file final-v1.cif (mmCIF, C-alpha atoms)
data_protein
#
loop_
_atom_site.label_atom_id
_atom_site.label_comp_id
_atom_site.auth_asym_id
_atom_site.auth_seq_id
_atom_site.Cartn_x
_atom_site.Cartn_y
_atom_site.Cartn_z
CA MET A 1 192.91 88.63 206.94
CA SER A 2 191.59 85.44 208.50
CA ASN A 3 192.28 81.92 207.27
CA ASP A 4 188.71 81.76 206.01
CA ASP A 5 189.19 84.90 203.94
CA GLU A 6 192.40 83.56 202.48
CA TYR A 7 190.74 80.28 201.61
CA VAL A 8 187.87 81.87 199.71
CA SER A 9 189.57 84.90 198.19
CA ASP A 10 191.04 82.96 195.27
CA LYS A 11 187.87 80.99 194.69
CA ALA A 12 188.26 80.82 190.93
CA PRO A 13 191.62 82.37 189.95
CA GLU A 14 191.56 80.70 186.54
CA ILE A 15 188.59 82.88 185.52
CA ILE A 16 190.51 86.04 186.45
CA GLU A 17 193.90 85.09 185.10
CA ARG A 18 192.97 83.94 181.62
CA GLY A 19 190.16 83.87 179.09
CA PHE A 20 188.83 81.04 176.95
CA ALA A 21 187.49 80.92 173.43
CA PRO A 22 183.71 80.38 173.10
CA SER A 23 184.38 76.91 171.70
CA GLU A 24 186.27 75.96 174.88
CA MET A 25 183.50 76.95 177.28
CA VAL A 26 181.37 74.19 178.85
CA THR A 27 177.60 74.62 178.92
CA CYS A 28 175.83 73.68 182.14
CA GLU A 29 173.06 71.17 181.46
CA GLU A 30 170.94 72.63 184.28
CA CYS A 31 171.00 76.41 183.73
CA LEU A 32 172.47 76.41 180.17
CA ARG A 33 175.11 79.00 181.05
CA ALA A 34 178.68 78.85 179.77
CA ASN A 35 181.47 78.01 182.20
CA PRO A 36 185.28 77.99 181.91
CA PRO A 37 186.61 74.49 181.10
CA THR A 38 188.65 74.58 184.31
CA ARG A 39 185.56 74.14 186.51
CA THR A 40 183.95 70.92 187.69
CA THR A 41 180.72 72.57 188.87
CA CYS A 42 178.66 75.40 187.42
CA LEU A 43 179.71 78.86 188.53
CA TYR A 44 176.05 79.94 188.63
CA CYS A 45 173.95 77.01 189.90
CA ALA A 46 176.65 74.64 191.32
CA ALA A 47 175.46 71.70 189.20
CA ALA A 48 178.09 69.19 188.01
CA LEU A 49 179.44 70.14 184.58
CA PRO A 50 179.77 67.61 181.74
CA GLU A 51 183.35 66.65 180.95
CA THR A 52 184.74 67.34 177.49
CA GLU A 53 188.02 66.23 175.97
CA ARG A 54 189.38 69.74 176.41
CA SER A 55 188.09 70.28 179.93
CA ALA A 56 189.47 66.92 181.11
CA LEU A 57 192.97 68.40 180.68
CA LEU A 58 192.19 71.84 182.15
CA ARG A 59 189.87 71.06 185.06
CA ARG A 60 190.84 72.32 188.48
CA PRO A 61 188.97 71.70 191.74
CA THR A 62 186.94 74.65 193.05
CA LEU A 63 187.26 73.64 196.72
CA ARG A 64 184.82 76.19 198.08
CA ARG A 65 184.33 76.42 201.83
CA LEU A 66 181.47 74.09 202.75
CA GLU A 67 178.63 75.15 205.02
CA LYS A 68 178.34 73.41 208.39
CA TRP A 69 175.33 71.39 207.23
CA GLU A 70 177.00 70.17 204.04
CA ARG A 71 178.68 66.79 203.80
CA GLY A 72 181.94 66.66 201.88
CA PHE A 73 184.72 64.33 200.83
CA ASN A 74 188.09 64.60 202.56
CA VAL A 75 191.25 64.06 200.54
CA VAL A 76 193.82 62.79 203.05
CA LEU A 77 197.55 62.88 202.32
CA LEU A 78 199.35 59.78 203.60
CA PRO A 79 202.99 59.91 204.78
CA ASP A 80 205.29 58.65 202.05
CA GLU A 81 208.86 58.99 200.80
CA ALA A 82 207.60 61.01 197.81
CA LEU A 83 206.92 63.93 200.18
CA ASP A 84 210.67 64.62 200.25
CA SER A 85 210.60 65.70 196.60
CA LEU A 86 207.76 68.23 196.87
CA GLU A 87 209.88 71.35 197.32
CA THR A 88 210.10 71.92 193.57
CA VAL A 89 206.31 71.96 193.18
CA TRP A 90 205.16 73.74 196.41
CA THR A 91 203.59 76.63 194.50
CA GLU A 92 201.83 74.45 191.94
CA ILE A 93 200.30 72.14 194.55
CA SER A 94 199.33 74.93 196.96
CA ASN A 95 197.55 76.77 194.12
CA LEU A 96 195.69 73.61 193.18
CA LEU A 97 194.55 73.06 196.77
CA ARG A 98 193.78 76.74 197.49
CA LEU A 99 196.30 76.68 200.35
CA GLN A 100 199.09 79.03 201.31
CA GLU A 101 202.52 77.49 200.80
CA ASP A 102 203.30 77.56 204.53
CA GLU A 103 199.98 75.78 205.23
CA LEU A 104 200.86 73.03 202.76
CA LYS A 105 204.36 72.69 204.24
CA SER A 106 202.97 72.32 207.77
CA ILE A 107 200.70 69.49 206.56
CA VAL A 108 203.52 67.71 204.73
CA THR A 109 206.16 68.09 207.45
CA ALA A 110 203.78 66.70 210.11
CA ARG A 111 204.36 63.22 208.60
CA GLU A 112 200.88 62.09 209.64
CA PRO A 113 197.74 61.31 207.59
CA LEU A 114 196.18 64.78 207.29
CA PRO A 115 193.50 66.32 205.04
CA VAL A 116 194.74 68.55 202.22
CA ALA A 117 191.28 69.29 200.76
CA ARG A 118 187.58 68.89 201.51
CA ALA A 119 185.58 68.67 198.29
CA SER A 120 181.83 69.09 197.83
CA THR A 121 181.41 66.14 195.44
CA PRO A 122 183.09 62.75 194.93
CA GLU A 123 184.04 63.86 191.40
CA GLU A 124 185.87 66.91 192.71
CA ALA A 125 187.66 64.82 195.34
CA ALA A 126 188.69 62.33 192.65
CA LEU A 127 190.06 65.20 190.55
CA VAL A 128 192.21 66.41 193.47
CA GLU A 129 193.46 62.85 193.99
CA GLU A 130 194.26 62.45 190.30
CA ARG A 131 196.21 65.71 190.11
CA LEU A 132 198.22 64.99 193.27
CA LYS A 133 198.96 61.38 192.36
CA SER A 134 200.77 62.69 189.27
CA SER A 135 203.35 64.05 191.74
CA GLY A 136 203.79 60.58 193.22
CA LEU A 137 201.75 61.25 196.39
CA LYS A 138 199.66 58.67 198.24
CA LEU A 139 196.14 59.72 199.15
CA VAL A 140 192.83 58.35 200.36
CA ILE A 141 189.35 59.88 200.03
CA VAL A 142 187.28 59.71 203.22
CA PRO A 143 183.61 60.82 202.96
CA ASP A 144 182.20 62.84 205.85
CA GLU A 145 179.48 60.22 206.27
CA GLU A 146 182.16 57.69 207.22
CA LEU A 147 183.40 59.98 210.00
CA ALA A 148 179.82 60.76 211.14
CA VAL A 149 180.90 63.71 213.28
CA GLU A 150 177.43 65.29 213.46
CA GLU A 151 175.39 62.09 213.28
CA VAL A 152 177.11 59.98 215.96
CA LEU A 153 178.17 61.98 218.97
CA PRO A 154 180.83 60.71 221.42
CA LYS A 155 179.39 59.14 224.57
CA ARG A 156 180.71 61.19 227.49
CA LEU A 157 181.78 59.31 230.60
CA ARG A 158 181.75 60.35 234.26
CA ALA A 159 183.55 57.31 235.66
CA LEU A 160 185.17 53.93 234.89
CA ARG A 161 185.63 50.68 236.73
CA PHE A 162 188.48 48.28 236.04
CA ASP A 163 187.53 44.61 236.23
CA GLU A 164 189.98 41.81 235.63
CA ASP A 165 188.76 41.01 232.12
CA SER A 166 186.71 44.08 231.18
CA LEU A 167 186.24 47.84 231.41
CA VAL A 168 182.97 49.21 232.78
CA ALA A 169 181.93 52.71 231.61
CA TYR A 170 179.43 55.06 233.33
CA PRO A 171 177.93 57.77 231.06
CA THR A 172 177.37 61.33 232.27
CA SER A 173 173.77 61.12 231.04
CA GLY A 174 172.85 58.78 233.87
CA ALA A 175 172.15 55.93 231.46
CA GLU A 176 173.03 52.38 232.40
CA SER A 177 176.67 51.40 232.46
CA SER A 178 178.21 49.38 229.66
CA SER A 179 181.15 47.01 229.66
CA MET A 180 183.66 45.82 227.08
CA LYS A 181 186.39 43.21 227.14
CA TRP A 182 189.89 44.62 227.31
CA ASP A 183 190.78 42.96 224.01
CA GLU A 184 187.82 44.72 222.32
CA ILE A 185 189.46 48.13 222.76
CA ALA A 186 191.16 49.11 219.51
CA LEU A 187 192.29 52.73 219.83
CA LEU A 188 192.93 55.48 222.39
CA VAL A 189 193.17 59.04 221.02
CA THR A 190 194.30 61.89 223.27
CA GLY A 191 194.25 65.65 222.75
CA ARG A 192 193.18 68.92 224.31
CA LEU A 193 189.90 70.81 224.00
CA PHE A 194 190.10 74.60 223.77
CA ASN A 195 187.15 76.96 224.12
CA ARG A 196 187.28 80.75 223.88
CA ARG A 197 184.25 82.97 224.48
CA VAL A 198 184.27 86.74 223.93
CA GLU A 199 181.31 88.83 225.07
CA VAL A 200 181.03 92.39 223.79
CA GLU A 201 178.59 95.12 224.84
CA GLU A 202 178.15 98.02 222.42
CA ARG A 203 176.20 101.23 222.91
CA ARG A 204 174.36 102.32 219.82
CA GLY A 205 175.58 105.67 218.52
CA ARG A 206 173.23 108.29 217.14
CA THR A 207 175.43 109.59 214.37
CA THR A 208 178.76 107.82 214.84
CA GLU A 209 179.93 104.25 215.14
CA ASN A 210 178.80 102.13 218.05
CA GLU A 211 180.83 102.51 221.24
CA ILE A 212 182.23 99.38 222.91
CA ARG A 213 181.24 99.68 226.55
CA ASP A 214 182.53 96.37 227.86
CA ALA A 215 184.32 93.25 226.65
CA ARG A 216 184.88 90.00 228.52
CA GLU A 217 186.89 86.96 227.53
CA PHE A 218 186.65 83.44 228.96
CA MET A 219 188.92 80.53 228.07
CA SER A 220 189.03 76.84 228.98
CA ASP A 221 191.56 74.14 228.21
CA GLU A 222 191.33 70.49 229.22
CA ALA A 223 192.71 67.11 228.26
CA VAL A 224 190.46 64.72 226.35
CA LEU A 225 190.57 61.00 225.59
CA ASP A 226 188.51 59.03 223.06
CA VAL A 227 188.23 55.26 223.55
CA TYR A 228 187.22 53.15 220.52
CA THR A 229 186.25 49.51 220.33
CA LYS A 230 186.88 47.28 217.32
CA SER A 231 183.20 47.21 216.38
CA SER A 232 182.18 50.87 216.41
CA MET A 233 183.10 54.31 215.09
CA ALA A 234 181.44 55.91 218.13
CA SER A 235 183.85 56.75 220.92
CA LEU A 236 183.65 56.90 224.69
CA ARG A 237 184.91 60.38 225.64
CA ILE A 238 186.64 61.36 228.86
CA THR A 239 187.40 65.02 229.66
CA ALA A 240 189.78 65.69 232.53
CA ASN A 241 187.71 68.39 234.26
CA ASN A 242 184.49 66.36 234.33
CA PHE A 243 185.61 62.88 235.35
CA ASP A 244 185.78 60.93 238.57
CA PHE A 245 189.23 59.33 238.72
CA SER A 246 188.33 57.02 241.62
CA CYS A 247 189.05 54.04 239.36
CA LEU A 248 192.76 54.81 239.90
CA GLY A 249 192.47 53.81 243.56
CA ALA A 250 195.62 54.58 245.53
CA GLU A 251 197.22 56.12 242.42
CA LYS A 252 194.69 58.98 242.39
CA SER A 253 196.18 62.38 243.19
CA LEU A 254 194.78 65.88 243.74
CA ILE A 255 195.91 67.14 240.32
CA ALA A 256 193.70 66.44 237.30
CA ALA A 257 196.60 66.46 234.82
CA GLU A 258 198.44 63.77 236.80
CA ASN A 259 195.28 61.69 237.10
CA PHE A 260 194.61 61.96 233.37
CA ALA A 261 198.14 60.81 232.46
CA CYS A 262 197.85 57.94 234.96
CA LEU A 263 194.48 56.91 233.49
CA VAL A 264 195.86 56.83 229.95
CA GLY A 265 198.77 54.72 231.14
CA GLU A 266 196.48 52.32 232.98
CA LEU A 267 194.20 51.86 229.95
CA THR A 268 197.15 51.35 227.64
CA MET A 269 198.61 48.69 229.94
CA ARG A 270 195.33 46.78 230.34
CA ALA A 271 194.06 47.06 226.74
CA THR A 272 197.02 45.25 225.26
CA GLN A 273 195.59 45.07 221.73
CA SER A 274 194.89 48.79 221.51
CA ARG A 275 196.95 51.58 219.95
CA LEU A 276 197.65 54.89 221.65
CA ASP A 277 197.51 57.95 219.38
CA GLU A 278 198.86 61.17 220.90
CA THR A 279 199.42 63.13 217.66
CA TYR A 280 196.53 65.63 217.75
CA ASN A 281 198.21 68.29 219.89
CA ARG A 282 201.22 68.28 217.54
CA VAL A 283 199.29 68.50 214.26
CA ARG A 284 196.20 70.53 215.19
CA HIS A 285 197.47 73.75 213.59
CA ALA A 286 198.07 71.86 210.34
CA LEU A 287 194.41 70.77 210.37
CA ALA A 288 193.01 74.31 210.47
CA PRO A 289 193.25 75.20 206.74
CA VAL A 290 190.94 72.31 205.77
CA TRP A 291 189.17 71.60 209.07
CA PRO A 292 188.89 75.05 210.71
CA LEU A 293 187.81 75.72 214.28
CA ASP A 294 184.10 76.20 214.93
CA GLN A 295 183.05 79.81 215.44
CA ARG A 296 179.56 80.84 216.50
CA THR A 297 178.19 84.31 217.29
CA GLU A 298 174.96 84.78 219.21
CA SER A 299 173.02 87.80 220.39
CA LEU A 300 172.58 88.27 224.13
CA GLY A 301 169.81 90.83 223.66
CA LEU A 302 169.28 94.56 224.17
CA LYS A 303 169.88 96.69 227.25
CA ARG A 304 168.02 99.94 227.84
CA GLU A 305 169.76 102.72 229.77
CA ILE A 306 167.46 105.45 231.01
CA GLY A 307 169.20 108.76 231.65
CA ARG A 308 167.97 112.17 232.70
CA LEU A 309 167.76 113.49 229.17
CA SER A 310 167.54 110.43 226.97
CA THR A 311 167.29 106.66 226.72
CA ARG A 312 170.17 104.78 225.12
CA LEU A 313 170.21 101.22 223.83
CA SER A 314 173.14 98.86 223.94
CA THR A 315 173.51 95.41 222.40
CA GLU A 316 175.41 92.38 223.64
CA GLU A 317 176.74 89.47 221.63
CA ALA A 318 179.01 86.53 222.34
CA THR A 319 181.43 84.79 219.99
CA THR A 320 182.53 81.25 220.84
CA ILE A 321 185.47 79.50 219.22
CA SER A 322 186.00 75.78 219.85
CA ASN A 323 188.19 72.99 218.51
CA GLU A 324 185.97 70.13 219.76
CA ALA A 325 184.45 69.33 216.35
CA GLN A 326 187.92 69.43 214.79
CA PHE A 327 189.28 67.03 217.41
CA THR A 328 186.30 64.70 216.90
CA ARG A 329 186.86 64.70 213.14
CA TYR A 330 190.56 63.92 213.58
CA SER A 331 189.84 61.24 216.17
CA ARG A 332 187.34 59.57 213.81
CA LEU A 333 189.84 59.78 210.95
CA ARG A 334 192.41 57.86 213.01
CA ARG A 335 189.77 55.25 213.83
CA TYR A 336 188.76 55.01 210.14
CA LEU A 337 192.35 54.56 208.96
CA LEU A 338 193.06 51.94 211.62
CA ALA A 339 189.98 49.94 210.57
CA HIS A 340 190.84 50.11 206.86
CA ASN A 341 194.54 49.36 207.23
CA SER A 342 194.26 46.43 209.61
#
call {"tool": "encode", "arguments": {"input": "final-v1.cif", "output": "C-alpha cells"}}
result
Amino acid sequence: MSNDDEYVSDKAPEIIERGFAPSEMVTCEECLRANPPTRTTCLYCAAALPETERSALLRRPTLRRLEKWERGFNVVLLPDEALDSLETVWTEISNLLRLQEDELKSIVTAREPLPVARASTPEEAALVEERLKSSGLKLVIVPDEELAVEEVLPKRLRALRFDEDSLVAYPTSGAESSSMKWDEIALLVTGRLFNRRVEVEERRGRTTENEIRDAREFMSDEAVLDVYTKSSMASLRITANNFDFSCLGAEKSLIAAENFACLVGELTMRATQSRLDETYNRVRHALAPVWPLDQRTESLGLKREIGRLSTRLSTEEATTISNEAQFTRYSRLRRYLLAHNS
C-alpha cells in the first residue's frame, strides 16, 4: 500500500467506529444532510458545518488529500522541549493527524520546523492547532498562498559574477542580468533534486491481461541551491548540472559536485548577513506524509504491429516522479519562517 493509500484509507474513522444519536448530528446548511458532530465539513458537499456546543468538543479534522490545484493551510510543528514528552500520546496524535506513528516520530525527531498537516480550510487548520496545543506543542499555520509555490516560480540561473560589493545573476531564459548587494542576500537553501521516469509498453491482449513488452527506467540526481534576498519570496535557483561555474575562477575543477560545494562556500563567505540552510536532504523523507512527491502519468500513444495473420496494438505510457515541488515548498517555508522570526 502506498503512502497515499494509507493517508486516505482512514478518511473518517469516527463514522465507522461509533454512532451518534439523531440529536447529536449536525445539519449542513448547504445540502441539509445530517453529519456526525466530529466533522468540520460536510461529508456530502464539503461545505463548512456550523459549530454546536456538542460538536465543539467532538470535532476532529478530516485532513483529506488535497488536489494539486487546491490551496491549503499548512500546520507546521516547531522544535520545542515539549516534544520530549510526546511518547505517551503517539497514538492519539497520529490518529488525529491521519499519520502512521512512525511518520509522526520521523517528523518530531527531525527537530526542524516541519508540516504535520495540510488542511483545506483555515478553520480546519485552527482545529488541528488547537488540539495539538493542548499537548503543549508549538505550531504555526502557513497558508499555501504565502509559499506561492505554483504562482511564483524560482528564477533559474546559468551563471554568476562576483563583484566586490554585489552579486550579478544571469538567468537561463536569456533575460537581462540582475544584481544585488551582498548584504541583501538573506538565505541560502541547499538540497538535491531527484527525478525518476518509468516508461512501459504493453501489448493489448485479446482475452487475457495486457502483456508488458518493454520497460525502461531513467533517473537523475543533482544538487540544487536557492538564493533569497531580504525583499522577496522568489528565489534564484542554481542546479549543478546546468550551471557555468566560471565565476569560481582558478578554484573551478572538472567535477560538478566539487564546484557546487565551492560555490556554496564562496556565497556564504561573501554574503555575510545570510544564513545557510542545509537541512532538506536530512528531513525530506519526513516531509513526504504531508508534502508527497509529485507523480504524473502520461500516454505516449499507440503502436500498431502488423503480422502475417493479425494486427496487434500496444500502448505506451510514462510515469514521472519528482521531488522538485516538495523542495520548493520546503525552501519557501524556510524563507517564510526566517522573515517572520527576524
call {"tool": "closest_residue", "arguments": {"input": "final-v1.cif", "among": "A:Glu201, A:Glu298, A:Glu222, A:Glu278", "to": "Leu313 of chain A", "atoms": "all atoms listed in the file"}}
result
A:Glu201
call {"tool": "residues_around", "arguments": {"input": "final-v1.cif", "residues": "Ser235 of chain A", "least_positions_apart": "3", "cutoff": "9 Å", "atoms": "all atoms listed in the file", "output": "ChimeraX atom specification"}}
result
/A:152-156,226-229,232,331-332
call {"tool": "atom_distance", "arguments": {"input": "final-v1.cif", "atom1": "atom CA of Gln326 of chain A", "atom2": "atom CA of Trp90 of chain A"}}
result
25.6 Å
call {"tool": "resolve_selection", "arguments": {"input": "final-v1.cif", "expression": "the PyMOL selection byres ((chain A and resi 120) around 6)", "output": "list of chain:residue names"}}
result
A:Gly72, A:Ala119, A:Thr121
call {"tool": "write_last_selection", "arguments": {"input": "final-v1.cif", "atoms": "C-alpha atoms", "output": "CSV table (one decimal), in the frame of the given file"}}
result
chain,number,residue,atom,x,y,z
A,72,GLY,CA,181.9,66.7,201.9
A,119,ALA,CA,185.6,68.7,198.3
A,121,THR,CA,181.4,66.1,195.4
call {"tool": "resolve_selection", "arguments": {"input": "final-v1.cif", "expression": "the PyMOL selection byres ((chain A and resi 46-59) around 9)", "output": "mmCIF file with C-alpha atoms, keeping the file's coordinate frame"}}
result
data_model
loop_
_atom_site.group_PDB
_atom_site.id
_atom_site.type_symbol
_atom_site.label_atom_id
_atom_site.label_comp_id
_atom_site.auth_asym_id
_atom_site.auth_seq_id
_atom_site.Cartn_x
_atom_site.Cartn_y
_atom_site.Cartn_z
ATOM 1 C CA GLU A 24 186.270 75.960 174.880
ATOM 2 C CA MET A 25 183.500 76.950 177.280
ATOM 3 C CA VAL A 26 181.370 74.190 178.850
ATOM 4 C CA THR A 27 177.600 74.620 178.920
ATOM 5 C CA CYS A 28 175.830 73.680 182.140
ATOM 6 C CA GLU A 29 173.060 71.170 181.460
ATOM 7 C CA GLU A 30 170.940 72.630 184.280
ATOM 8 C CA CYS A 31 171.000 76.410 183.730
ATOM 9 C CA ASN A 35 181.470 78.010 182.200
ATOM 10 C CA PRO A 36 185.280 77.990 181.910
ATOM 11 C CA PRO A 37 186.610 74.490 181.100
ATOM 12 C CA THR A 38 188.650 74.580 184.310
ATOM 13 C CA ARG A 39 185.560 74.140 186.510
ATOM 14 C CA THR A 40 183.950 70.920 187.690
ATOM 15 C CA THR A 41 180.720 72.570 188.870
ATOM 16 C CA CYS A 42 178.660 75.400 187.420
ATOM 17 C CA LEU A 43 179.710 78.860 188.530
ATOM 18 C CA TYR A 44 176.050 79.940 188.630
ATOM 19 C CA CYS A 45 173.950 77.010 189.900
ATOM 20 C CA ARG A 60 190.840 72.320 188.480
ATOM 21 C CA PRO A 61 188.970 71.700 191.740
ATOM 22 C CA THR A 121 181.410 66.140 195.440
ATOM 23 C CA GLU A 123 184.040 63.860 191.400
ATOM 24 C CA LEU A 127 190.060 65.200 190.550
#
call {"tool": "resolve_selection", "arguments": {"input": "final-v1.cif", "expression": "the PyMOL selection byres ((chain A and resi 161) around 10)", "output": "mmCIF file with C-alpha atoms, keeping the file's coordinate frame"}}
result
data_model
loop_
_atom_site.group_PDB
_atom_site.id
_atom_site.type_symbol
_atom_site.label_atom_id
_atom_site.label_comp_id
_atom_site.auth_asym_id
_atom_site.auth_seq_id
_atom_site.Cartn_x
_atom_site.Cartn_y
_atom_site.Cartn_z
ATOM 1 C CA ALA A 159 183.550 57.310 235.660
ATOM 2 C CA LEU A 160 185.170 53.930 234.890
ATOM 3 C CA PHE A 162 188.480 48.280 236.040
ATOM 4 C CA ASP A 163 187.530 44.610 236.230
ATOM 5 C CA GLU A 164 189.980 41.810 235.630
ATOM 6 C CA SER A 166 186.710 44.080 231.180
ATOM 7 C CA LEU A 167 186.240 47.840 231.410
ATOM 8 C CA VAL A 168 182.970 49.210 232.780
ATOM 9 C CA ALA A 169 181.930 52.710 231.610
ATOM 10 C CA TYR A 170 179.430 55.060 233.330
ATOM 11 C CA SER A 177 176.670 51.400 232.460
ATOM 12 C CA SER A 179 181.150 47.010 229.660
ATOM 13 C CA PHE A 245 189.230 59.330 238.720
ATOM 14 C CA SER A 246 188.330 57.020 241.620
ATOM 15 C CA CYS A 247 189.050 54.040 239.360
ATOM 16 C CA LEU A 248 192.760 54.810 239.900
#
call {"tool": "atom_distance", "arguments": {"input": "final-v1.cif", "atom1": "atom CA of Arg284 of chain A", "atom2": "atom CA of Tyr330 of chain A"}}
result
8.8 Å
call {"tool": "residues_around", "arguments": {"input": "final-v1.cif", "residues": "segment 94-96 of chain A", "least_positions_apart": "3", "cutoff": "10 Å", "atoms": "only C-alpha atoms", "output": "number ranges by chain"}}
result
A: 10, 13, 60-63, 89-91, 99-105, 116-117, 128, 131-132
call {"tool": "atom_distance", "arguments": {"input": "final-v1.cif", "atom1": "atom CA of Glu92 of chain A", "atom2": "atom CA of Pro292 of chain A"}}
result
22.8 Å
call {"tool": "closest_residue", "arguments": {"input": "final-v1.cif", "among": "A:Thr190, A:Glu176, A:Asp84, A:Leu77", "to": "Thr328 of chain A", "atoms": "all atoms listed in the file"}}
result
A:Thr190
call {"tool": "residues_around", "arguments": {"input": "final-v1.cif", "residues": "Leu300 of chain A", "least_positions_apart": "2", "cutoff": "7 Å", "atoms": "only C-alpha atoms", "output": "ChimeraX atom specification"}}
result
/A:298,316-318
call {"tool": "axis_aligned_box", "arguments": {"input": "final-v1.cif", "around": "segment 186-192 of chain A", "padding_each_side": "8 Å", "output": "lines of an AutoDock Vina configuration file"}}
result
center_x = 192.7
center_y = 59.0
center_z = 221.9
size_x = 19.1
size_y = 35.8
size_z = 20.8
call {"tool": "closest_residue", "arguments": {"input": "final-v1.cif", "among": "A:Glu217, A:Asp144, A:Glu258, A:Glu199", "to": "Tyr336 of chain A", "atoms": "all atoms listed in the file"}}
result
A:Asp144
call {"tool": "residues_around", "arguments": {"input": "final-v1.cif", "residues": "Leu188 of chain A", "least_positions_apart": "5", "cutoff": "12 Å", "atoms": "all atoms listed in the file", "output": "MDAnalysis selection string"}}
result
chainID A and resid 224:230 235:238 263:269 271:280 331:332 334:335 338
call {"tool": "write_last_selection", "arguments": {"input": "final-v1.cif", "atoms": "C-alpha atoms", "output": "PDB file, in the frame of the given file"}}
result
ATOM      1  CA  VAL A 224     190.460  64.720 226.350  1.00  0.00           C
ATOM      2  CA  LEU A 225     190.570  61.000 225.590  1.00  0.00           C
ATOM      3  CA  ASP A 226     188.510  59.030 223.060  1.00  0.00           C
ATOM      4  CA  VAL A 227     188.230  55.260 223.550  1.00  0.00           C
ATOM      5  CA  TYR A 228     187.220  53.150 220.520  1.00  0.00           C
ATOM      6  CA  THR A 229     186.250  49.510 220.330  1.00  0.00           C
ATOM      7  CA  LYS A 230     186.880  47.280 217.320  1.00  0.00           C
ATOM      8  CA  SER A 235     183.850  56.750 220.920  1.00  0.00           C
ATOM      9  CA  LEU A 236     183.650  56.900 224.690  1.00  0.00           C
ATOM     10  CA  ARG A 237     184.910  60.380 225.640  1.00  0.00           C
ATOM     11  CA  ILE A 238     186.640  61.360 228.860  1.00  0.00           C
ATOM     12  CA  LEU A 263     194.480  56.910 233.490  1.00  0.00           C
ATOM     13  CA  VAL A 264     195.860  56.830 229.950  1.00  0.00           C
ATOM     14  CA  GLY A 265     198.770  54.720 231.140  1.00  0.00           C
ATOM     15  CA  GLU A 266     196.480  52.320 232.980  1.00  0.00           C
ATOM     16  CA  LEU A 267     194.200  51.860 229.950  1.00  0.00           C
ATOM     17  CA  THR A 268     197.150  51.350 227.640  1.00  0.00           C
ATOM     18  CA  MET A 269     198.610  48.690 229.940  1.00  0.00           C
ATOM     19  CA  ALA A 271     194.060  47.060 226.740  1.00  0.00           C
ATOM     20  CA  THR A 272     197.020  45.250 225.260  1.00  0.00           C
ATOM     21  CA  GLN A 273     195.590  45.070 221.730  1.00  0.00           C
ATOM     22  CA  SER A 274     194.890  48.790 221.510  1.00  0.00           C
ATOM     23  CA  ARG A 275     196.950  51.580 219.950  1.00  0.00           C
ATOM     24  CA  LEU A 276     197.650  54.890 221.650  1.00  0.00           C
ATOM     25  CA  ASP A 277     197.510  57.950 219.380  1.00  0.00           C
ATOM     26  CA  GLU A 278     198.860  61.170 220.900  1.00  0.00           C
ATOM     27  CA  THR A 279     199.420  63.130 217.660  1.00  0.00           C
ATOM     28  CA  TYR A 280     196.530  65.630 217.750  1.00  0.00           C
ATOM     29  CA  SER A 331     189.840  61.240 216.170  1.00  0.00           C
ATOM     30  CA  ARG A 332     187.340  59.570 213.810  1.00  0.00           C
ATOM     31  CA  ARG A 334     192.410  57.860 213.010  1.00  0.00           C
ATOM     32  CA  ARG A 335     189.770  55.250 213.830  1.00  0.00           C
ATOM     33  CA  LEU A 338     193.060  51.940 211.620  1.00  0.00           C
TER      34      LEU A 338
END
call {"tool": "residues_around", "arguments": {"input": "final-v1.cif", "residues": "Pro113 of chain A", "least_positions_apart": "5", "cutoff": "8 Å", "atoms": "only C-alpha atoms", "output": "PyMOL selection string"}}
result
chain A and resi 76-79
call {"tool": "closest_residue", "arguments": {"input": "final-v1.cif", "among": "A:Arg33, A:Leu187, A:Ser220, A:Asp244", "to": "Thr172 of chain A", "atoms": "all atoms listed in the file"}}
result
A:Asp244
call {"tool": "decode", "arguments": {"input": "final-v1.cif", "residues": "segment 62-95 of chain A", "atoms": "C-alpha atoms", "output": "PDB file, in the first residue's frame"}}
result
ATOM      1  CA  THR A  62     -10.820  15.495   8.177  1.00  0.00           C
ATOM      2  CA  LEU A  63      -7.446  16.222   6.529  1.00  0.00           C
ATOM      3  CA  ARG A  64      -8.317  14.827   3.124  1.00  0.00           C
ATOM      4  CA  ARG A  65      -5.638  14.730   0.459  1.00  0.00           C
ATOM      5  CA  LEU A  66      -5.853  17.982  -1.492  1.00  0.00           C
ATOM      6  CA  GLU A  67      -5.832  18.091  -5.278  1.00  0.00           C
ATOM      7  CA  LYS A  68      -2.845  19.734  -6.963  1.00  0.00           C
ATOM      8  CA  TRP A  69      -4.891  22.809  -7.884  1.00  0.00           C
ATOM      9  CA  GLU A  70      -6.238  23.330  -4.368  1.00  0.00           C
ATOM     10  CA  ARG A  71      -4.661  25.767  -1.935  1.00  0.00           C
ATOM     11  CA  GLY A  72      -4.414  24.628   1.664  1.00  0.00           C
ATOM     12  CA  PHE A  73      -3.162  25.675   5.073  1.00  0.00           C
ATOM     13  CA  ASN A  74      -0.022  24.049   6.451  1.00  0.00           C
ATOM     14  CA  VAL A  75       0.208  23.331  10.164  1.00  0.00           C
ATOM     15  CA  VAL A  76       3.933  23.415  10.964  1.00  0.00           C
ATOM     16  CA  LEU A  77       5.340  21.858  14.131  1.00  0.00           C
ATOM     17  CA  LEU A  78       8.128  23.954  15.660  1.00  0.00           C
ATOM     18  CA  PRO A  79      11.002  22.360  17.614  1.00  0.00           C
ATOM     19  CA  ASP A  80      10.378  22.662  21.338  1.00  0.00           C
ATOM     20  CA  GLU A  81      11.214  20.951  24.627  1.00  0.00           C
ATOM     21  CA  ALA A  82       7.623  19.665  24.843  1.00  0.00           C
ATOM     22  CA  LEU A  83       8.419  17.210  22.028  1.00  0.00           C
ATOM     23  CA  ASP A  84      10.324  15.080  24.561  1.00  0.00           C
ATOM     24  CA  SER A  85       7.088  14.197  26.347  1.00  0.00           C
ATOM     25  CA  LEU A  86       5.127  13.006  23.304  1.00  0.00           C
ATOM     26  CA  GLU A  87       5.840   9.291  23.640  1.00  0.00           C
ATOM     27  CA  THR A  88       2.809   8.758  25.867  1.00  0.00           C
ATOM     28  CA  VAL A  89       0.433  10.237  23.273  1.00  0.00           C
ATOM     29  CA  TRP A  90       1.951   8.997  19.957  1.00  0.00           C
ATOM     30  CA  THR A  91      -1.167   7.015  19.036  1.00  0.00           C
ATOM     31  CA  GLU A  92      -3.616   9.771  19.937  1.00  0.00           C
ATOM     32  CA  ILE A  93      -1.766  12.440  17.949  1.00  0.00           C
ATOM     33  CA  SER A  94      -1.058  10.218  14.937  1.00  0.00           C
ATOM     34  CA  ASN A  95      -4.765   9.300  14.739  1.00  0.00           C
TER      35      ASN A  95
END
